[in-house]
Amino acid sequence: MKTDDLIDALAAGLQPARPARLNALLLACAAAASVAAVAILLGVRPALAEVLSSPTTWMKGLYTAGLAGAALWLSARAGRPGVDTRAPLAALAAVVGLAVFWGALELLMTPGSERLVDWLGRTWTVCGRNILLVSAAAAVPTFLSARRLAPTRPAFSGFALGVATGGIAATAYGVLHCPESTIAFVATWYTAGIAAAGLIGAAAGRVALRW
Amino acid sequence: MDREAELKRLMLRGLDGDPGAWRMLLTQLRGALTPYFRRRLSGLEADAEDLVQDCLIAIHAKRATYDRSMAFTAWAYAIARYKLIDHFRRQGRRVDVPLEDAAVLTAEHSVEDGVVRRDLSKVLSILPMRQRRLIEDVRIGGFSLAEAAARNGCTEGAAKVSVHRSMKALSASVISHED
């Protein structure tokens, strides 16, 4: 096809375009899929009403939801060609930094003999794996939510969407299933699981996010 | 006029659904993208043309990702660079495409424009001033013979003869240069 004809064809029938965003409906699907995956594959904690009213549960949820929010902001910006991504990257780092700092403080104030128990909890061996398991259910709708965008760095955008997926999955996991209640535990093992989701997302993004 | 402002104005009108502005924008971008890709593909003309088309389609399909508060050139350059990297990757080549200032996109166009303009004025300089003005009006400025004649204060017939003679002299000079 000649380039002149192509330009004519593209210009003919041009429709007004509204700004491209992450698809909120698909993100809601990702959250619903995470809740369903936790309920079906891992099981919901007994005495959920009591768990939901405890402040530690909400602290966990706040951290992982904050990570998901910063990662979605990063995904949205990285999906717009030529847009600076330093602000959302800094936000992401700040959320992690705050949790790590707080967790370290908590460990320092814990008597030495209990530190290891506090840090490893009872589930450190399965925490990351479980987060990845739930992420697998949330990954497809999360990645699809960015379809209208145009990531010029597919691996980087894949990392951002992977962290967002991990954050959404970990929020469902932390609130509905995970029995741990120390900040040191969450800052370490949740962060590790979500970071793994980010790395898998980066590898997937190299292929899945090309356009 | 500032090229960035001009392109951005066309882009905004295109986003609002103005096909004329969109056509003009794509045409101008084609002019900017062709030298950009050609230089980076070191003369693979066919590949460059394919990439230009790819890139125009991408700019069309992803126009909703343009943020109205941003510089248009930065957006278009990021897409062009991405398409270039993707092209190398599809060929299985690992080529480092350095991140340049987005202005190269429009600058390369104007450089080439400037070269053509310089060549043109060199060729035209062999003509007497009066003949030169006439031919510039008719062949470059887009005036009709009658308008050009009026602008230069002669009859249409005289203008016609003058333009004809000028063209003859010009082609003779170009041919003798090539020999």
# chains A, B, ... in the order shown; residues from 1 in each chain; ligands from 1
>>> select_by_dssp(residues="region 1-143 of chain B", states="helix (DSSP H, G or I)", output="PyMOL selection string")
chain B and resi 3-15+19-40+45-61+63-65+72-90+104-124+129-140
>>> residues_around(residues="Thr123 (chain A)", least_positions_apart="5", cutoff="9 Å", atoms="only C-alpha atoms", output="list of chain:residue names")
A:Cys178, A:Pro179, A:Glu180
>>> closest_atom_pairs(of="chain B", to="chain A", cutoff="10 Å", atoms="only C-alpha atoms", output="CSV")
residue,atom,partner,partner_atom,distance
B:Leu12,CA,A:Ala17,CA,9.9
B:Arg13,CA,A:Pro16,CA,9.0
B:Gly14,CA,A:Pro16,CA,7.3
B:Leu15,CA,A:Ala17,CA,5.2
B:Asp16,CA,A:Pro16,CA,4.5
B:Gly17,CA,A:Pro16,CA,4.0
B:Asp18,CA,A:Leu14,CA,7.0
B:Pro19,CA,A:Ala11,CA,5.0
B:Gly20,CA,A:Ala11,CA,7.2
B:Ala21,CA,A:Ala11,CA,8.6
B:Trp22,CA,A:Ala11,CA,5.8
B:Arg23,CA,A:Ala11,CA,5.2
B:Met24,CA,A:Ala11,CA,9.0
B:Leu25,CA,A:Ile7,CA,9.5
B:Leu26,CA,A:Ile7,CA,6.4
B:Thr27,CA,A:Ile7,CA,7.1
B:Arg30,CA,A:Thr3,CA,8.4
B:Glu49,CA,A:Thr3,CA,8.0
B:Asp50,CA,A:Thr3,CA,8.9
B:Val52,CA,A:Thr3,CA,8.2
B:Gln53,CA,A:Thr3,CA,6.3
B:Leu56,CA,A:Ile7,CA,7.8
B:Ile57,CA,A:Leu10,CA,7.7
B:Ala58,CA,A:Trp211,CA,8.2
B:Ile59,CA,A:Ala150,CA,9.8
B:His60,CA,A:Leu10,CA,7.1
B:Ala61,CA,A:Arg148,CA,9.1
B:Lys62,CA,A:Ala150,CA,6.5
B:Arg63,CA,A:Ala17,CA,7.3
B:Ala64,CA,A:Pro19,CA,4.7
B:Thr65,CA,A:Ala20,CA,5.1
B:Tyr66,CA,A:Arg80,CA,6.8
B:Asp67,CA,A:Pro19,CA,7.2
B:Arg68,CA,A:Pro19,CA,8.8
B:Met70,CA,A:Val83,CA,8.0
B:Ala71,CA,A:Gly82,CA,8.8
B:Phe72,CA,A:Gly82,CA,9.1
B:Thr73,CA,A:Gly82,CA,8.9
B:Ala74,CA,A:Gly82,CA,5.3
B:Trp75,CA,A:Gly82,CA,4.8
B:Ala76,CA,A:Pro81,CA,7.6
B:Tyr77,CA,A:Gly82,CA,7.5
B:Ala78,CA,A:Gly82,CA,5.2
B:Ile79,CA,A:Pro81,CA,6.2
B:Ala80,CA,A:Thr152,CA,9.6
B:Arg81,CA,A:Thr152,CA,8.3
B:Tyr82,CA,A:Thr152,CA,5.5
B:Lys83,CA,A:Thr152,CA,8.5
B:Ile85,CA,A:Thr152,CA,9.4
B:Asp86,CA,A:Arg210,CA,8.3
B:Ala102,CA,A:Gly82,CA,8.9
>>> write_last_selection(atoms="N, CA and C atoms", output="compact mmCIF listing (two decimals), in the first residue's frame")
# COMPACT_ATOMS: atom_id res chain seq x y z
N LEU B 12 -4.42 18.02 18.47
CA LEU B 12 -5.60 18.26 19.31
C LEU B 12 -6.87 18.26 18.46
N ARG B 13 -6.77 18.84 17.26
CA ARG B 13 -7.94 18.83 16.39
C ARG B 13 -8.25 17.42 15.92
N GLY B 14 -7.20 16.63 15.68
CA GLY B 14 -7.40 15.24 15.30
C GLY B 14 -8.08 14.44 16.41
N LEU B 15 -7.67 14.70 17.64
CA LEU B 15 -8.29 13.99 18.77
C LEU B 15 -9.77 14.33 18.90
N ASP B 16 -10.12 15.54 18.47
CA ASP B 16 -11.52 15.92 18.51
C ASP B 16 -12.29 15.40 17.30
N GLY B 17 -11.59 14.71 16.39
CA GLY B 17 -12.26 14.06 15.28
C GLY B 17 -12.26 14.84 13.98
N ASP B 18 -11.27 15.72 13.79
CA ASP B 18 -11.20 16.50 12.55
C ASP B 18 -10.32 15.75 11.52
N PRO B 19 -10.94 15.13 10.49
CA PRO B 19 -10.17 14.33 9.55
C PRO B 19 -9.16 15.15 8.74
N GLY B 20 -9.49 16.40 8.44
CA GLY B 20 -8.58 17.24 7.65
C GLY B 20 -7.29 17.50 8.40
N ALA B 21 -7.44 17.86 9.69
CA ALA B 21 -6.26 18.12 10.52
C ALA B 21 -5.44 16.84 10.68
N TRP B 22 -6.14 15.73 10.81
CA TRP B 22 -5.45 14.44 11.02
C TRP B 22 -4.64 14.07 9.79
N ARG B 23 -5.23 14.30 8.64
CA ARG B 23 -4.56 14.01 7.38
C ARG B 23 -3.29 14.86 7.26
N MET B 24 -3.45 16.14 7.62
CA MET B 24 -2.31 17.06 7.52
C MET B 24 -1.22 16.64 8.50
N LEU B 25 -1.64 16.24 9.71
CA LEU B 25 -0.66 15.82 10.71
C LEU B 25 0.11 14.59 10.24
N LEU B 26 -0.62 13.59 9.74
CA LEU B 26 0.05 12.36 9.31
C LEU B 26 0.99 12.65 8.14
N THR B 27 0.57 13.55 7.25
CA THR B 27 1.44 13.90 6.12
C THR B 27 2.72 14.56 6.61
N ARG B 30 4.90 12.03 8.28
CA ARG B 30 5.55 11.19 7.29
C ARG B 30 6.84 11.86 6.83
N GLU B 49 10.41 2.71 4.54
CA GLU B 49 9.04 3.03 4.13
C GLU B 49 8.03 2.18 4.93
N ASP B 50 8.36 0.88 5.11
CA ASP B 50 7.49 0.02 5.92
C ASP B 50 7.37 0.55 7.34
N VAL B 52 7.81 3.63 8.37
CA VAL B 52 7.02 4.86 8.38
C VAL B 52 5.54 4.51 8.42
N GLN B 53 5.14 3.55 7.60
CA GLN B 53 3.72 3.16 7.58
C GLN B 53 3.30 2.55 8.91
N LEU B 56 2.93 5.31 11.40
CA LEU B 56 1.73 6.13 11.20
C LEU B 56 0.49 5.38 11.70
N ILE B 57 0.46 4.07 11.43
CA ILE B 57 -0.67 3.27 11.92
C ILE B 57 -0.69 3.27 13.44
N ALA B 58 0.50 3.12 14.06
CA ALA B 58 0.58 3.11 15.52
C ALA B 58 0.13 4.45 16.09
N ILE B 59 0.56 5.53 15.47
CA ILE B 59 0.18 6.86 15.95
C ILE B 59 -1.33 7.04 15.85
N HIS B 60 -1.88 6.51 14.77
CA HIS B 60 -3.34 6.58 14.60
C HIS B 60 -4.05 5.72 15.65
N ALA B 61 -3.62 4.48 15.78
CA ALA B 61 -4.32 3.54 16.66
C ALA B 61 -4.18 3.92 18.13
N LYS B 62 -3.04 4.50 18.48
CA LYS B 62 -2.78 4.79 19.90
C LYS B 62 -2.92 6.28 20.20
N ARG B 63 -3.62 7.01 19.37
CA ARG B 63 -3.69 8.46 19.58
C ARG B 63 -4.32 8.82 20.93
N ALA B 64 -5.14 7.91 21.47
CA ALA B 64 -5.79 8.20 22.76
C ALA B 64 -4.78 8.22 23.91
N THR B 65 -3.57 7.71 23.69
CA THR B 65 -2.59 7.72 24.78
C THR B 65 -1.86 9.06 24.86
N TYR B 66 -2.17 9.97 23.92
CA TYR B 66 -1.52 11.27 23.99
C TYR B 66 -2.18 12.11 25.09
N ASP B 67 -1.35 12.68 25.93
CA ASP B 67 -1.82 13.51 27.03
C ASP B 67 -1.77 14.97 26.57
N ARG B 68 -2.92 15.62 26.55
CA ARG B 68 -3.03 16.97 25.99
C ARG B 68 -2.12 18.00 26.66
N MET B 70 0.95 17.42 27.36
CA MET B 70 2.36 17.10 27.06
C MET B 70 2.81 17.63 25.71
N ALA B 71 4.14 17.64 25.53
CA ALA B 71 4.70 18.02 24.23
C ALA B 71 4.36 16.94 23.22
N PHE B 72 3.88 17.38 22.06
CA PHE B 72 3.50 16.39 21.04
C PHE B 72 4.73 15.65 20.50
N THR B 73 5.81 16.39 20.27
CA THR B 73 6.99 15.78 19.66
C THR B 73 7.54 14.66 20.55
N ALA B 74 7.52 14.86 21.87
CA ALA B 74 8.03 13.84 22.79
C ALA B 74 7.22 12.55 22.64
N TRP B 75 5.91 12.71 22.50
CA TRP B 75 5.04 11.54 22.35
C TRP B 75 5.33 10.81 21.04
N ALA B 76 5.36 11.57 19.95
CA ALA B 76 5.57 10.96 18.63
C ALA B 76 6.96 10.32 18.54
N TYR B 77 7.95 11.01 19.12
CA TYR B 77 9.31 10.47 19.07
C TYR B 77 9.39 9.14 19.83
N ALA B 78 8.73 9.06 21.00
CA ALA B 78 8.76 7.83 21.80
C ALA B 78 8.17 6.67 21.00
N ILE B 79 7.12 6.94 20.23
CA ILE B 79 6.51 5.89 19.42
C ILE B 79 7.44 5.49 18.28
N ALA B 80 8.06 6.48 17.62
CA ALA B 80 8.96 6.18 16.51
C ALA B 80 10.15 5.35 16.99
N ARG B 81 10.70 5.73 18.14
CA ARG B 81 11.85 5.01 18.68
C ARG B 81 11.43 3.58 19.04
N TYR B 82 10.24 3.43 19.64
CA TYR B 82 9.76 2.10 20.00
C TYR B 82 9.62 1.22 18.75
N LYS B 83 9.06 1.80 17.70
CA LYS B 83 8.86 1.04 16.46
C LYS B 83 10.21 0.63 15.85
N ILE B 85 13.07 0.12 17.56
CA ILE B 85 13.62 -0.95 18.41
C ILE B 85 12.91 -2.27 18.11
N ASP B 86 11.59 -2.19 17.98
CA ASP B 86 10.79 -3.39 17.71
C ASP B 86 11.17 -3.99 16.36
N ALA B 102 13.87 14.52 21.82
CA ALA B 102 12.73 14.29 20.92
C ALA B 102 12.74 15.22 19.72
>>> residues_around(residues="region 189-197 of chain A", least_positions_apart="2", cutoff="10 Å", atoms="only C-alpha atoms", output="MDAnalysis selection string")
chainID A and resid 60 63:64 67:68 96 99:100 119:121 123:133 135:136 139 158:171 173:174 184:187 199:202
>>> closest_residue(among="B:Ala172, B:Gln91, B:Arg133, B:Arg139", to="Gly153 (chain B)", atoms="only C-alpha atoms")
B:Arg133
>>> residues_around(residues="Leu26 (chain A)", least_positions_apart="2", cutoff="8 Å", atoms="only C-alpha atoms", output="MDAnalysis selection string")
chainID A and resid 23:24 28:30 141:142 144:145
>>> write_last_selection(atoms="C-alpha atoms", output="tab-separated table (two decimals), in the first residue's frame")
chain	number	residue	atom	x	y	z
A	23	ASN	CA	-9.75	-0.37	32.27
A	24	ALA	CA	-11.35	-0.09	35.72
A	28	ALA	CA	-12.32	-4.97	39.43
A	29	CYS	CA	-12.36	-8.40	37.76
A	30	ALA	CA	-8.76	-8.93	38.89
A	141	PRO	CA	-7.48	-9.21	33.70
A	142	THR	CA	-4.78	-6.91	35.10
A	144	LEU	CA	-5.74	-6.80	29.73
A	145	SER	CA	-6.70	-3.60	31.55
>>> decode(residues="region 15-53 of chain A", atoms="N, CA and C atoms", output="JSON list (two decimals), in the first residue's frame")
[["chain", "number", "residue", "atom", "x", "y", "z"],
["A", 15, "GLN", "N", -12.65, 9.16, 14.23],
["A", 15, "GLN", "CA", -13.56, 9.38, 15.35],
["A", 15, "GLN", "C", -12.85, 10.16, 16.46],
["A", 16, "PRO", "N", -13.59, 10.98, 17.19],
["A", 16, "PRO", "CA", -12.97, 11.64, 18.36],
["A", 16, "PRO", "C", -12.45, 10.58, 19.33],
["A", 17, "ALA", "N", -11.31, 10.86, 19.97],
["A", 17, "ALA", "CA", -10.70, 9.87, 20.86],
["A", 17, "ALA", "C", -10.68, 10.39, 22.29],
["A", 18, "ARG", "N", -11.20, 9.58, 23.20],
["A", 18, "ARG", "CA", -11.10, 9.96, 24.61],
["A", 18, "ARG", "C", -9.80, 9.42, 25.18],
["A", 19, "PRO", "N", -9.22, 10.11, 26.18],
["A", 19, "PRO", "CA", -7.93, 9.67, 26.72],
["A", 19, "PRO", "C", -7.94, 8.21, 27.15],
["A", 20, "ALA", "N", -6.89, 7.48, 26.79],
["A", 20, "ALA", "CA", -6.80, 6.06, 27.14],
["A", 20, "ALA", "C", -6.43, 5.91, 28.61],
["A", 21, "ARG", "N", -7.09, 5.01, 29.29],
["A", 21, "ARG", "CA", -6.79, 4.74, 30.70],
["A", 21, "ARG", "C", -6.75, 3.25, 30.92],
["A", 22, "LEU", "N", -6.30, 2.85, 32.11],
["A", 22, "LEU", "CA", -6.44, 1.46, 32.51],
["A", 22, "LEU", "C", -7.93, 1.17, 32.64],
["A", 23, "ASN", "N", -8.34, -0.01, 32.22],
["A", 23, "ASN", "CA", -9.75, -0.37, 32.27],
["A", 23, "ASN", "C", -10.17, -0.75, 33.69],
["A", 24, "ALA", "N", -10.99, 0.10, 34.32],
["A", 24, "ALA", "CA", -11.35, -0.09, 35.72],
["A", 24, "ALA", "C", -12.17, -1.37, 35.92],
["A", 25, "LEU", "N", -13.00, -1.70, 34.93],
["A", 25, "LEU", "CA", -13.84, -2.89, 35.05],
["A", 25, "LEU", "C", -12.97, -4.15, 35.13],
["A", 26, "LEU", "N", -11.93, -4.19, 34.28],
["A", 26, "LEU", "CA", -11.04, -5.36, 34.29],
["A", 26, "LEU", "C", -10.23, -5.42, 35.58],
["A", 27, "LEU", "N", -9.88, -4.25, 36.13],
["A", 27, "LEU", "CA", -9.17, -4.26, 37.42],
["A", 27, "LEU", "C", -10.07, -4.78, 38.53],
["A", 28, "ALA", "N", -11.36, -4.43, 38.46],
["A", 28, "ALA", "CA", -12.32, -4.97, 39.43],
["A", 28, "ALA", "C", -12.41, -6.49, 39.27],
["A", 29, "CYS", "N", -12.36, -6.95, 38.02],
["A", 29, "CYS", "CA", -12.36, -8.40, 37.76],
["A", 29, "CYS", "C", -11.15, -9.06, 38.40],
["A", 30, "ALA", "N", -9.98, -8.38, 38.31],
["A", 30, "ALA", "CA", -8.76, -8.93, 38.89],
["A", 30, "ALA", "C", -8.93, -9.08, 40.40],
["A", 31, "ALA", "N", -9.54, -8.06, 41.04],
["A", 31, "ALA", "CA", -9.77, -8.13, 42.49],
["A", 31, "ALA", "C", -10.73, -9.28, 42.82],
["A", 32, "ALA", "N", -11.81, -9.39, 42.04],
["A", 32, "ALA", "CA", -12.79, -10.45, 42.28],
["A", 32, "ALA", "C", -12.15, -11.82, 42.07],
["A", 33, "ALA", "N", -11.30, -11.94, 41.04],
["A", 33, "ALA", "CA", -10.63, -13.22, 40.77],
["A", 33, "ALA", "C", -9.70, -13.59, 41.92],
["A", 34, "SER", "N", -9.04, -12.56, 42.52],
["A", 34, "SER", "CA", -8.16, -12.83, 43.65],
["A", 34, "SER", "C", -8.95, -13.36, 44.84],
["A", 35, "VAL", "N", -10.08, -12.70, 45.13],
["A", 35, "VAL", "CA", -10.91, -13.13, 46.25],
["A", 35, "VAL", "C", -11.39, -14.56, 46.01],
["A", 36, "ALA", "N", -11.84, -14.82, 44.79],
["A", 36, "ALA", "CA", -12.33, -16.17, 44.47],
["A", 36, "ALA", "C", -11.21, -17.19, 44.59],
["A", 37, "ALA", "N", -10.00, -16.85, 44.12],
["A", 37, "ALA", "CA", -8.88, -17.79, 44.19],
["A", 37, "ALA", "C", -8.52, -18.11, 45.63],
["A", 38, "VAL", "N", -8.52, -17.08, 46.50],
["A", 38, "VAL", "CA", -8.22, -17.33, 47.91],
["A", 38, "VAL", "C", -9.28, -18.25, 48.51],
["A", 39, "ALA", "N", -10.55, -17.92, 48.25],
["A", 39, "ALA", "CA", -11.64, -18.69, 48.85],
["A", 39, "ALA", "C", -11.62, -20.14, 48.38],
["A", 40, "ILE", "N", -11.38, -20.35, 47.08],
["A", 40, "ILE", "CA", -11.48, -21.70, 46.52],
["A", 40, "ILE", "C", -10.20, -22.50, 46.77],
["A", 41, "LEU", "N", -9.04, -21.90, 46.51],
["A", 41, "LEU", "CA", -7.79, -22.67, 46.57],
["A", 41, "LEU", "C", -7.20, -22.74, 47.98],
["A", 42, "LEU", "N", -7.36, -21.69, 48.77],
["A", 42, "LEU", "CA", -6.68, -21.65, 50.06],
["A", 42, "LEU", "C", -7.63, -21.68, 51.24],
["A", 43, "GLY", "N", -8.83, -21.20, 51.06],
["A", 43, "GLY", "CA", -9.79, -21.19, 52.15],
["A", 43, "GLY", "C", -9.75, -19.90, 52.94],
["A", 44, "VAL", "N", -10.92, -19.45, 53.39],
["A", 44, "VAL", "CA", -11.03, -18.22, 54.16],
["A", 44, "VAL", "C", -10.82, -18.53, 55.62],
["A", 45, "ARG", "N", -10.17, -17.62, 56.33],
["A", 45, "ARG", "CA", -9.91, -17.83, 57.76],
["A", 45, "ARG", "C", -11.21, -18.00, 58.54],
["A", 46, "PRO", "N", -11.18, -18.85, 59.57],
["A", 46, "PRO", "CA", -12.35, -18.92, 60.45],
["A", 46, "PRO", "C", -12.45, -17.61, 61.23],
["A", 47, "ALA", "N", -13.63, -17.31, 61.70],
["A", 47, "ALA", "CA", -13.87, -16.10, 62.49],
["A", 47, "ALA", "C", -13.46, -14.85, 61.70],
["A", 48, "LEU", "N", -13.91, -14.79, 60.47],
["A", 48, "LEU", "CA", -13.52, -13.71, 59.57],
["A", 48, "LEU", "C", -13.97, -12.34, 60.10],
["A", 49, "ALA", "N", -15.15, -12.30, 60.70],
["A", 49, "ALA", "CA", -15.67, -11.02, 61.19],
["A", 49, "ALA", "C", -14.71, -10.42, 62.21],
["A", 50, "GLU", "N", -14.19, -11.27, 63.08],
["A", 50, "GLU", "CA", -13.25, -10.81, 64.11],
["A", 50, "GLU", "C", -11.94, -10.34, 63.46],
["A", 51, "VAL", "N", -11.48, -11.12, 62.46],
["A", 51, "VAL", "CA", -10.24, -10.78, 61.75],
["A", 51, "VAL", "C", -10.37, -9.43, 61.08],
["A", 52, "LEU", "N", -11.54, -9.20, 60.46],
["A", 52, "LEU", "CA", -11.73, -7.98, 59.69],
["A", 52, "LEU", "C", -11.79, -6.74, 60.58],
["A", 53, "SER", "N", -12.08, -6.93, 61.84],
["A", 53, "SER", "CA", -12.17, -5.76, 62.71],
["A", 53, "SER", "C", -10.83, -5.45, 63.39]]
